[in-house]
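Engineer: Once you've had a glance at the structure underneath, I'll fire off some questions.
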4 protein chains.
Amino acid sequence: MKALVYQAPGQKALEERPIPEIAAPTDAIVKIVKTTICGTDLHILKGDVATCVAPRILGHEGVGVVAKVGPGVTTFRPGDRVLISCISACGRCAYCRRGMYSHCMTGGWILGNTIDGTQAEYVRIPHADTSLYPVPDGADEDALVMLSDILPTGFECGVLNGKVEPGSTIAIVGAGPIGLAALLTAQFYSPAEIIVIDPDENRLQVAKRFGATATVPAAGDKAAQSVVAMTGGRGVDTAIEAVGVPASFITCEDIVAPGGTIANIGVHGAKVDLHLERLWAQNITITTRLVDTVTTPMLMKTVQSRKLDPTKLITHRFPLDRILDAYDTFARAASTRALKVVIEA
Amino acid sequence: MKALVYQAPGQKALEERPIPEIAAPTDAIVKIVKTTICGTDLHILKGDVATCVAPRILGHEGVGVVAKVGPGVTTFRPGDRVLISCISACGRCAYCRRGMYSHCMTGGWILGNTIDGTQAEYVRIPHADTSLYPVPDGADEDALVMLSDILPTGFECGVLNGKVEPGSTIAIVGAGPIGLAALLTAQFYSPAEIIVIDPDENRLQVAKRFGATATVPAAGDKAAQSVVAMTGGRGVDTAIEAVGVPASFITCEDIVAPGGTIANIGVHGAKVDLHLERLWAQNITITTRLVDTVTTPMLMKTVQSRKLDPTKLITHRFPLDRILDAYDTFARAASTRALKVVIEA
Amino acid sequence: MKALVYQAPGQKALEERPIPEIAAPTDAIVKIVKTTICGTDLHILKGDVATCVAPRILGHEGVGVVAKVGPGVTTFRPGDRVLISCISACGRCAYCRRGMYSHCMTGGWILGNTIDGTQAEYVRIPHADTSLYPVPDGADEDALVMLSDILPTGFECGVLNGKVEPGSTIAIVGAGPIGLAALLTAQFYSPAEIIVIDPDENRLQVAKRFGATATVPAAGDKAAQSVVAMTGGRGVDTAIEAVGVPASFITCEDIVAPGGTIANIGVHGAKVDLHLERLWAQNITITTRLVDTVTTPMLMKTVQSRKLDPTKLITHRFPLDRILDAYDTFARAASTRALKVVIEA
Amino acid sequence: MKALVYQAPGQKALEERPIPEIAAPTDAIVKIVKTTICGTDLHILKGDVATCVAPRILGHEGVGVVAKVGPGVTTFRPGDRVLISCISACGRCAYCRRGMYSHCMTGGWILGNTIDGTQAEYVRIPHADTSLYPVPDGADEDALVMLSDILPTGFECGVLNGKVEPGSTIAIVGAGPIGLAALLTAQFYSPAEIIVIDPDENRLQVAKRFGATATVPAAGDKAAQSVVAMTGGRGVDTAIEAVGVPASFITCEDIVAPGGTIANIGVHGAKVDLHLERLWAQNITITTRLVDTVTTPMLMKTVQSRKLDPTKLITHRFPLDRILDAYDTFARAASTRALKVVIEA
């Protein structure tokens, strides 16, 4: 089968690889219908993700059709259309029982990381019963691909952890795909003000179309000052970090109101300064989270009932044999205006 | 009247001062029966608290008898015995309505800070109706003095924010009076393991007597390594920072389990390193809080029903005219083994 | 001044009455700009509300201008435009401190019940600081009149108590003004399905326009059977009772899914059968609540940010001197299609 | 093997039966070490439980040793000592993912009900990975038998649903084994007052020894009047129903304070009167729950750390071949003073 393989830092190729086999009784083999590329895939390709050792088939998102199941799989049968979660969960360990699938003791984020992933014609899914979701009849599969990772990530790490509430004032720092996913799902809770901060004017325009009530160009301390001014000096109830660099986290520290929450989504490569000399008395909460995808069933309902249209995030489409072009388009987002690219196998 | 006055950084004296007068309709004048000294008072004396301008009568804790009330006070009458909250709350502003009295727009921590405090024969209490609490008949007033600040601080900032639960594993970094208050009140929730970390062997012994299930001498990285080892490599569900220096906060970062909480109580004078490059994926929560004293009525019930005995924290007693000795004893806690000193007016 | 006075069961009149005076330091006198009529007023007029003794000026909703304040009022000044809460709250008692203003020990629902109310040119408001809310500049005062009672009632008793969530399935039994207020505010949380049940076809049409995803004519057991069928046999996550009669509560028992919630809003005059022989094992929650109006500031933000348009509920307008016509129109809602009538003083 | 078999209403016998076999890949066969008898077993024997069709081996509690596992079982191996949950949970269905194992679509309470149970030498456990718990080294297995059902039932249905909090006032109506389990686990949260109501003076004495702060003999309306008087007319924050008859539920309605909770544990055979004409405005919550046993791991930690000693509930012991005597003793609890009987296989 064809597969996009990470070969070494800086190197990837579309290779011919064997179709994966059932390796454990709880595995399923899924034929990929659609997949996509995540910012994390770019990090892996740079060599920044130590857990991912080349050669590795990348990809942790997708929709497909079950081809085979192991004897321990009870929920799915060959022919079932399924949404693949980016997080594999055994459903049995102490973390899974708490709904913290991200830290599943034999799963978590393994697809396209420690085991081969979804940017291929077939993929092996461990713990299939609790890591796949049935595709409802008539569902828009483009929309569902966005539910493998990006929507639950924006929602769980940003919106739920950020305790977004009706009437509240929130800011989202970063209007890339993840920040926009937080923007879309924050609106489930009817906040009064949604301020989006980003250096890219195009992305701010997109944010406006997606429901931001105000946008602020990111530029050093000024962005924080603008947000504080916009809120009458009070700051925001929820500041969502959707970039993953110290400067954007500091912006969150600078704009959070007393009693507010900083919800970190960004993947950070360096420590940041936490200004406890100022924040210790501000009654704030800071959260971090690797997405658990526990909200996938709920997000599917919001998509089915048209409360959420994640296809807004899709800007480009490619067949699997042009996935290298898809990577190129996605990597040069500033000029291509790419948000999410859908790859059809 | 006699009053302990902060005169300048490094200087304090027991002075003769006029008895305070009602200044607003919602004020009460309270004759002090018992008061105490807080670690914050020592910070003020060093000149570290910018909001507190000399000359100022110190003190924000105490039990007393209402001497006079303004025309807007409806809950208290002269002669009523009252517990004084360290936090003054108007009960009307947006923060007070959320129970965030610490950020009351015309109150908060003002006693012995921006207005004269309780280390005197009399004190003026603004917003008396919502800043004083009636002393129940037969209550132990020594116990109640501990409810002005230290118990609600340990409980709200450490235990409640730290989400201590039955069966959970918690660590308290710092076994001074505040850490010990967290230790006492954490036991309301029956955690399975309570590990206390402190450099002072005497304080660790006290912690054992107060309910710690294990103690660890604080000594660089080793304390964190010990705690991680004690928990089978998993870390603690709740790490309570009760010191206020970067090293102890870093210890909390090092010992918190995935899904756990770092509850900061300490008053910090410097920023700390937040290791997001490691913690971004650990699903942790970090909280800060200036005590709101919203749990004072509840804590009074636990004292009255003997679930909590805060008098354990009292090591020394002085009359008001020996308050300088009390300060000396409290400041040299390592050698005097002082925890809380009660001063009787 | 002119005032609508309940004279005896079945009797009311527009009378000339003295303008009220400040009676306690925390009182304000408010000149009414707009008021409205509540279903509860009709109950009083029938003689069904034992606490309300004739003669009494009715009304517990309204917007006005502060005319006078007592010496203990610190938040408002004459000339301030204010929203009047249907619930008077001292902000000091144990219930108020828990946010349970409905059970304020010296307040609660007293306006137009145990003291004179708002269907008059002036009204005396006890505990003014914590029972009035400033009208934001440029606010639509018609919208705000709906925030005195009906919107917080639908929201707090129905939506918040009912734990409405994104993607959930809810049913509202009763499409009168209160049920419709629940319908409007339920949408803050983006439920996937909102089923409204009522015998009145016109009200079902209104419900559809206001956001119901399905409507069911109320007719004995059949309504419940229809709802269960609509949900694939599972039932609803949240059933909101907005009528106040046994049959509609039983409908809620019949349609609530395992793990679901029945949130009662209705004012009941009789006991109901609770089928514990069936429900004991269904993991359900039943809630009752007299509105606390603690969410009034939040609801004002949603109105100001146009997430909520309560003026949709207003069907008729009358000047104060035609308030008897307003009562007639409101009482004959089935034929007049009245929802809320605004009365301008 | 020997097994206690329900043969027909009123009839049971210790019979010889075949050892059960693995029937599904996720099954385990467990050799019973200890089991016990539940009040529900007595209901079955009377013919009151329609789902349980004779002949059926009874019992849903126990500790044992894994004898065999199906190919889909990954967590347990033959020889592992295990605690058997009374609730079988697939860990995969929508209910299980919400932690509502009681309503597992292919499990729930099936042991000793719709499939053969634990009062035998061996039992087949479906969904073994998520329905068994490893016994910690050195654990007291008598204590663990109490964790199959009675402790999680008292804790989840009574204490957690009842929102017991430090300083709160609670009442437990019924001092049978379940009510006593609620009493023991309520103390995890340090309530100030625990009032226990029961007609049996012996059980009230036991309740006192187990931590009740007051006891009230159940006798018509007088018990409720006593409780209201004891709480200064206010009522209790939490009323736990642990009997399952209308009178005891009505007692809960009569004693719950405004803002309080009635947590039903009892298995009811008849409807009860819900006095909404009085309760609609009291801001109360009523909960029902079939135990989910989601707290089993947490309860094991509290047993291991000696916060909880469930062996207090054990009054009698019998070998399996004397199980008919055990039933007799348990059924005549009023005279035998039996609480829980342990049966050793």
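Just so we're on the same page: first chain in the structure tokens is A, next is B, and so on; residues restart at 1 for each chain, and ligands are numbered from 1 in the order they show up.
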Return as a ChimeraX atom specification the residues belonging to chain C that are within 10 Å of chain B, counting only C-alpha atoms.

Structural biologist: /C:24-26,70-75,90-94,96-99,129-131,294,297

Engineer: Least-squares superpose chain C onto chain B - every C-alpha atom, paired in order - and show me the moved coordinates as a short mmCIF file (atom, residue, chain, number, x, y, z; two decimals) with C-alpha atoms, in the first residue's frame.

Structural biologist:
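Heads up, here's the output in part.cif:
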```cif
data_model
loop_
_atom_site.label_atom_id
_atom_site.label_comp_id
_atom_site.auth_asym_id
_atom_site.auth_seq_id
_atom_site.Cartn_x
_atom_site.Cartn_y
_atom_site.Cartn_z
CA MET C 1 -5.22 53.09 73.05
CA LYS C 2 -2.15 50.89 72.62
CA ALA C 3 -1.29 49.75 69.10
CA LEU C 4 1.57 48.02 67.31
CA VAL C 5 2.66 50.47 64.62
CA TYR C 6 4.83 49.84 61.58
CA GLN C 7 6.95 52.96 61.48
CA ALA C 8 9.39 52.33 58.66
CA PRO C 9 11.10 49.33 57.07
CA GLY C 10 12.75 47.52 59.96
CA GLN C 11 11.00 49.63 62.61
CA LYS C 12 7.94 49.01 64.73
CA ALA C 13 6.76 50.20 68.17
CA LEU C 14 3.92 49.84 70.62
CA GLU C 15 2.46 53.34 70.51
CA GLU C 16 -0.44 55.22 72.06
CA ARG C 17 -2.98 56.01 69.35
CA PRO C 18 -6.52 57.44 69.29
CA ILE C 19 -9.42 55.01 69.38
CA PRO C 20 -10.82 54.74 65.82
CA GLU C 21 -14.16 56.31 64.92
CA ILE C 22 -16.96 55.24 62.59
CA ALA C 23 -16.07 56.66 59.17
CA ALA C 24 -18.80 55.16 56.96
CA PRO C 25 -22.36 54.02 57.74
CA THR C 26 -21.35 50.37 57.26
CA ASP C 27 -18.41 50.50 59.70
CA ALA C 28 -18.14 48.91 63.12
CA ILE C 29 -15.62 49.62 65.88
CA VAL C 30 -14.49 46.39 67.53
CA LYS C 31 -12.67 46.14 70.88
CA ILE C 32 -10.01 43.47 70.38
CA VAL C 33 -10.02 40.50 72.75
CA LYS C 34 -7.41 38.38 71.01
CA THR C 35 -5.25 38.85 67.97
CA THR C 36 -2.20 37.18 66.44
CA ILE C 37 0.74 37.78 64.12
CA CYS C 38 0.92 36.57 60.53
CA GLY C 39 3.95 35.89 58.38
CA THR C 40 2.69 38.73 56.19
CA ASP C 41 3.22 41.15 59.07
CA LEU C 42 6.90 40.24 58.99
CA HIS C 43 6.98 40.92 55.25
CA ILE C 44 5.46 44.37 55.82
CA LEU C 45 8.04 45.13 58.48
CA LYS C 46 10.82 44.32 56.03
CA GLY C 47 9.31 46.86 53.64
CA ASP C 48 8.30 44.20 51.14
CA VAL C 49 4.62 45.08 50.86
CA ALA C 50 4.31 48.18 48.74
CA THR C 51 0.63 48.80 49.50
CA CYS C 52 1.31 49.20 53.22
CA VAL C 53 2.57 52.71 53.93
CA ALA C 54 3.98 53.63 57.37
CA PRO C 55 2.79 54.58 59.86
CA ARG C 56 0.26 51.78 59.99
CA ILE C 57 -1.24 49.71 62.83
CA LEU C 58 -0.60 46.10 61.75
CA GLY C 59 -2.74 42.98 62.14
CA HIS C 60 -5.62 41.42 60.19
CA GLU C 61 -6.73 38.66 62.54
CA GLY C 62 -8.69 38.67 65.76
CA VAL C 63 -11.72 38.15 67.93
CA GLY C 64 -13.39 41.03 69.71
CA VAL C 65 -16.51 42.71 71.00
CA VAL C 66 -18.47 45.21 68.93
CA ALA C 67 -18.19 48.65 70.53
CA LYS C 68 -20.04 50.83 68.02
CA VAL C 69 -21.80 50.39 64.69
CA GLY C 70 -22.66 52.80 61.88
CA PRO C 71 -26.30 53.36 60.87
CA GLY C 72 -26.01 51.00 57.90
CA VAL C 73 -24.98 47.98 60.00
CA THR C 74 -27.93 45.65 60.50
CA THR C 75 -26.42 42.37 61.63
CA PHE C 76 -24.38 43.38 64.68
CA ARG C 77 -25.00 45.40 67.82
CA PRO C 78 -22.64 46.72 70.48
CA GLY C 79 -21.74 43.93 72.86
CA ASP C 80 -21.78 41.21 70.18
CA ARG C 81 -18.70 38.99 70.21
CA VAL C 82 -17.30 38.70 66.70
CA LEU C 83 -14.67 37.01 64.62
CA ILE C 84 -12.87 39.45 62.35
CA SER C 85 -12.16 38.24 58.81
CA CYS C 86 -8.79 39.22 57.36
CA ILE C 87 -10.74 40.11 54.23
CA SER C 88 -13.20 43.00 54.16
CA ALA C 89 -16.08 42.42 51.75
CA CYS C 90 -18.81 44.81 50.66
CA GLY C 91 -21.06 41.93 49.62
CA ARG C 92 -22.35 44.01 46.72
CA CYS C 93 -19.74 44.31 44.00
CA ALA C 94 -19.37 41.85 41.14
CA TYR C 95 -16.46 40.07 42.84
CA CYS C 96 -18.28 39.72 46.18
CA ARG C 97 -21.33 38.31 44.44
CA ARG C 98 -19.11 35.61 42.95
CA GLY C 99 -17.76 34.86 46.43
CA MET C 100 -14.41 36.37 45.47
CA TYR C 101 -14.22 38.65 48.51
CA SER C 102 -10.45 38.89 48.14
CA HIS C 103 -11.01 41.18 45.18
CA CYS C 104 -13.87 43.22 46.65
CA MET C 105 -13.73 46.53 44.85
CA THR C 106 -13.79 48.51 48.10
CA GLY C 107 -12.32 45.88 50.40
CA GLY C 108 -10.18 42.80 50.13
CA TRP C 109 -7.10 42.60 52.29
CA ILE C 110 -7.04 46.13 53.64
CA LEU C 111 -6.80 45.60 57.44
CA GLY C 112 -3.29 46.21 58.70
CA ASN C 113 -2.34 47.00 55.14
CA THR C 114 -4.05 50.03 53.61
CA ILE C 115 -6.00 50.86 56.78
CA ASP C 116 -5.17 50.34 60.44
CA GLY C 117 -5.43 46.79 61.74
CA THR C 118 -6.15 44.59 64.72
CA GLN C 119 -2.94 44.64 66.78
CA ALA C 120 -4.43 47.30 68.98
CA GLU C 121 -7.13 47.76 71.58
CA TYR C 122 -9.70 48.79 68.99
CA VAL C 123 -10.09 48.46 65.25
CA ARG C 124 -12.43 49.97 62.68
CA ILE C 125 -13.97 47.32 60.43
CA PRO C 126 -15.44 48.51 57.11
CA HIS C 127 -18.36 46.61 55.59
CA ALA C 128 -19.00 45.16 59.03
CA ASP C 129 -22.09 43.14 58.12
CA THR C 130 -20.16 41.05 55.65
CA SER C 131 -16.70 41.14 57.25
CA LEU C 132 -17.49 40.03 60.81
CA TYR C 133 -18.96 36.73 61.99
CA PRO C 134 -20.88 36.16 65.23
CA VAL C 135 -19.01 34.07 67.80
CA PRO C 136 -21.23 31.11 68.74
CA ASP C 137 -22.06 30.72 72.43
CA GLY C 138 -19.41 28.76 74.25
CA ALA C 139 -16.95 28.86 71.36
CA ASP C 140 -13.24 28.63 72.04
CA GLU C 141 -12.04 32.08 71.03
CA ASP C 142 -8.44 30.92 70.67
CA ALA C 143 -9.63 28.53 68.01
CA LEU C 144 -11.56 31.28 66.28
CA VAL C 145 -8.56 33.61 66.02
CA MET C 146 -7.09 30.93 63.78
CA LEU C 147 -10.17 31.34 61.55
CA SER C 148 -9.47 34.99 60.70
CA ASP C 149 -6.89 34.06 58.11
CA ILE C 150 -4.72 31.01 58.49
CA LEU C 151 -7.34 28.27 58.43
CA PRO C 152 -9.40 29.65 55.53
CA THR C 153 -6.15 30.36 53.68
CA GLY C 154 -4.87 26.81 54.04
CA PHE C 155 -8.31 25.44 53.28
CA GLU C 156 -9.43 27.61 50.37
CA CYS C 157 -6.13 28.19 48.60
CA GLY C 158 -4.64 24.77 49.34
CA VAL C 159 -7.32 22.18 49.99
CA LEU C 160 -10.33 23.39 48.00
CA ASN C 161 -8.32 24.68 45.06
CA GLY C 162 -6.23 21.50 45.27
CA LYS C 163 -9.38 19.36 44.96
CA VAL C 164 -8.32 17.03 47.78
CA GLU C 165 -10.49 13.91 47.69
CA PRO C 166 -11.04 10.71 49.64
CA GLY C 167 -8.30 8.24 48.79
CA SER C 168 -6.10 10.76 47.02
CA THR C 169 -2.38 11.35 47.51
CA ILE C 170 -1.33 14.86 48.40
CA ALA C 171 1.89 16.64 49.22
CA ILE C 172 2.28 19.87 51.14
CA VAL C 173 5.49 21.75 50.48
CA GLY C 174 6.18 23.84 53.57
CA ALA C 175 5.20 23.04 57.16
CA GLY C 176 4.93 26.55 58.53
CA PRO C 177 1.63 27.68 60.03
CA ILE C 178 -0.04 27.93 56.61
CA GLY C 179 1.15 24.53 55.45
CA LEU C 180 -0.02 23.04 58.74
CA ALA C 181 -3.39 24.73 58.34
CA ALA C 182 -3.64 23.04 54.93
CA LEU C 183 -2.61 19.77 56.57
CA LEU C 184 -5.34 20.02 59.22
CA THR C 185 -8.09 20.95 56.80
CA ALA C 186 -7.03 18.53 54.06
CA GLN C 187 -8.12 15.80 56.43
CA PHE C 188 -11.75 16.93 56.04
CA TYR C 189 -11.59 14.98 52.77
CA SER C 190 -9.82 11.80 53.94
CA PRO C 191 -6.91 11.63 51.52
CA ALA C 192 -5.04 8.32 51.68
CA GLU C 193 -1.55 9.81 51.75
CA ILE C 194 -0.38 13.19 53.01
CA ILE C 195 3.31 13.83 52.43
CA VAL C 196 4.78 16.94 54.07
CA ILE C 197 8.06 18.47 52.91
CA ASP C 198 10.05 20.98 54.96
CA PRO C 199 13.71 21.60 55.83
CA ASP C 200 12.92 21.95 59.57
CA GLU C 201 12.93 18.62 61.38
CA ASN C 202 10.86 20.03 64.25
CA ARG C 203 8.13 21.12 61.86
CA LEU C 204 8.13 17.70 60.22
CA GLN C 205 7.58 16.19 63.65
CA VAL C 206 4.69 18.55 64.21
CA ALA C 207 3.30 17.58 60.80
CA LYS C 208 3.42 13.91 61.78
CA ARG C 209 1.48 14.68 64.96
CA PHE C 210 -1.03 16.67 62.92
CA GLY C 211 -1.73 13.83 60.52
CA ALA C 212 0.96 13.63 57.85
CA THR C 213 1.38 10.03 56.70
CA ALA C 214 4.96 10.67 55.56
CA THR C 215 7.49 13.47 55.83
CA VAL C 216 10.39 14.41 53.60
CA PRO C 217 13.23 16.76 54.49
CA ALA C 218 13.45 19.50 51.87
CA ALA C 219 16.84 19.45 50.22
CA GLY C 220 17.11 20.43 46.57
CA ASP C 221 15.89 17.97 43.97
CA LYS C 222 16.09 15.06 46.36
CA ALA C 223 12.82 15.88 48.04
CA ALA C 224 10.98 15.66 44.73
CA GLN C 225 12.73 12.41 43.89
CA SER C 226 11.71 10.96 47.25
CA VAL C 227 8.09 11.91 46.75
CA VAL C 228 8.00 10.45 43.26
CA ALA C 229 9.56 7.24 44.57
CA MET C 230 7.03 7.07 47.45
CA THR C 231 4.19 7.20 44.95
CA GLY C 232 5.51 4.42 42.77
CA GLY C 233 6.74 6.88 40.18
CA ARG C 234 3.31 8.33 39.61
CA GLY C 235 3.47 11.56 41.61
CA VAL C 236 0.80 13.20 43.74
CA ASP C 237 -2.75 14.14 42.89
CA THR C 238 -2.40 17.44 44.71
CA ALA C 239 0.74 19.45 45.43
CA ILE C 240 0.20 22.39 47.77
CA GLU C 241 2.82 25.13 47.70
CA ALA C 242 2.93 26.78 51.13
CA VAL C 243 6.24 28.62 51.08
CA GLY C 244 6.34 31.24 48.35
CA VAL C 245 9.77 30.73 46.75
CA PRO C 246 10.65 29.39 43.28
CA ALA C 247 12.32 26.22 44.57
CA SER C 248 9.22 25.00 46.36
CA PHE C 249 7.02 25.73 43.35
CA ILE C 250 9.44 23.80 41.15
CA THR C 251 9.19 20.91 43.61
CA CYS C 252 5.44 20.96 43.01
CA GLU C 253 6.00 20.85 39.24
CA ASP C 254 8.31 17.89 39.74
CA ILE C 255 5.92 15.83 41.86
CA VAL C 256 2.48 16.47 40.38
CA ALA C 257 0.97 13.41 38.67
CA PRO C 258 -0.71 13.57 35.26
CA GLY C 259 -4.18 14.92 35.90
CA GLY C 260 -3.10 16.48 39.19
CA THR C 261 -3.27 19.97 40.67
CA ILE C 262 -0.70 22.41 42.01
CA ALA C 263 -2.44 24.71 44.47
CA ASN C 264 -0.33 27.71 45.30
CA ILE C 265 -0.78 29.36 48.70
CA GLY C 266 2.63 31.01 49.03
CA VAL C 267 3.16 34.75 48.63
CA HIS C 268 5.77 35.01 45.91
CA GLY C 269 8.23 37.83 45.39
CA ALA C 270 9.72 36.55 42.16
CA LYS C 271 8.69 34.79 38.97
CA VAL C 272 9.18 31.04 38.68
CA ASP C 273 10.04 28.78 35.76
CA LEU C 274 6.99 26.96 34.48
CA HIS C 275 8.20 23.90 32.62
CA LEU C 276 5.53 23.82 29.96
CA GLU C 277 7.87 21.91 27.67
CA ARG C 278 7.14 18.99 30.01
CA LEU C 279 3.81 19.92 31.59
CA TRP C 280 1.84 20.91 28.47
CA ALA C 281 0.78 17.30 27.97
CA GLN C 282 0.32 16.38 31.63
CA ASN C 283 -3.29 17.58 32.06
CA ILE C 284 -2.47 19.50 35.19
CA THR C 285 -4.11 22.46 36.86
CA ILE C 286 -2.29 25.25 38.66
CA THR C 287 -4.22 27.59 40.92
CA THR C 288 -3.43 30.79 42.76
CA ARG C 289 -5.64 32.49 45.31
CA LEU C 290 -5.72 35.21 47.84
CA VAL C 291 -8.01 33.83 50.51
CA ASP C 292 -11.65 34.88 50.12
CA THR C 293 -12.78 33.71 53.59
CA VAL C 294 -16.04 32.51 52.04
CA THR C 295 -15.65 29.28 53.98
CA THR C 296 -15.50 30.94 57.38
CA PRO C 297 -19.06 29.90 58.39
CA MET C 298 -18.33 26.33 57.34
CA LEU C 299 -15.03 26.28 59.21
CA MET C 300 -16.79 27.57 62.32
CA LYS C 301 -19.14 24.59 62.11
CA THR C 302 -16.23 22.17 61.87
CA VAL C 303 -14.64 23.79 64.91
CA GLN C 304 -17.92 23.73 66.84
CA SER C 305 -18.48 20.07 65.98
CA ARG C 306 -14.86 19.22 66.90
CA LYS C 307 -13.87 17.99 63.45
CA LEU C 308 -11.11 20.59 63.57
CA ASP C 309 -9.01 21.82 66.48
CA PRO C 310 -7.05 24.84 65.34
CA THR C 311 -5.71 25.53 68.83
CA LYS C 312 -3.07 22.93 68.02
CA LEU C 313 -1.35 25.67 66.06
CA ILE C 314 -0.96 27.95 69.11
CA THR C 315 2.44 27.67 70.74
CA HIS C 316 2.81 30.94 72.66
CA ARG C 317 0.69 33.59 74.38
CA PHE C 318 1.41 37.20 75.23
CA PRO C 319 -0.52 40.19 76.56
CA LEU C 320 -0.81 43.10 74.13
CA ASP C 321 1.74 45.18 76.03
CA ARG C 322 4.32 42.46 75.37
CA ILE C 323 3.56 42.26 71.64
CA LEU C 324 7.17 43.16 70.78
CA ASP C 325 8.24 39.97 72.55
CA ALA C 326 5.55 38.14 70.61
CA TYR C 327 7.00 39.45 67.35
CA ASP C 328 10.47 38.41 68.43
CA THR C 329 9.31 34.91 69.30
CA PHE C 330 7.35 34.54 66.07
CA ALA C 331 10.18 35.89 63.91
CA ARG C 332 12.68 33.41 65.37
CA ALA C 333 10.42 30.40 64.78
CA ALA C 334 13.24 28.04 63.92
CA SER C 335 14.68 28.36 67.42
CA THR C 336 11.53 29.16 69.43
CA ARG C 337 9.45 26.53 67.60
CA ALA C 338 6.69 29.09 67.38
CA LEU C 339 3.73 28.40 65.11
CA LYS C 340 1.01 30.86 66.05
CA VAL C 341 1.22 33.25 68.98
CA VAL C 342 -1.97 34.53 70.61
CA ILE C 343 -1.97 38.11 71.85
CA GLU C 344 -4.57 39.09 74.41
CA ALA C 345 -5.64 42.71 74.54
#
```

Engineer: Could you give me, as a ChimeraX atom specification, each residue of region 109-282 of chain C that DSSP assigns to strand (DSSP E) when run on this structure's backbone?

Structural biologist: /C:122-125,132-134,169-173,193-198,214-217,236-241,256-264,272-274
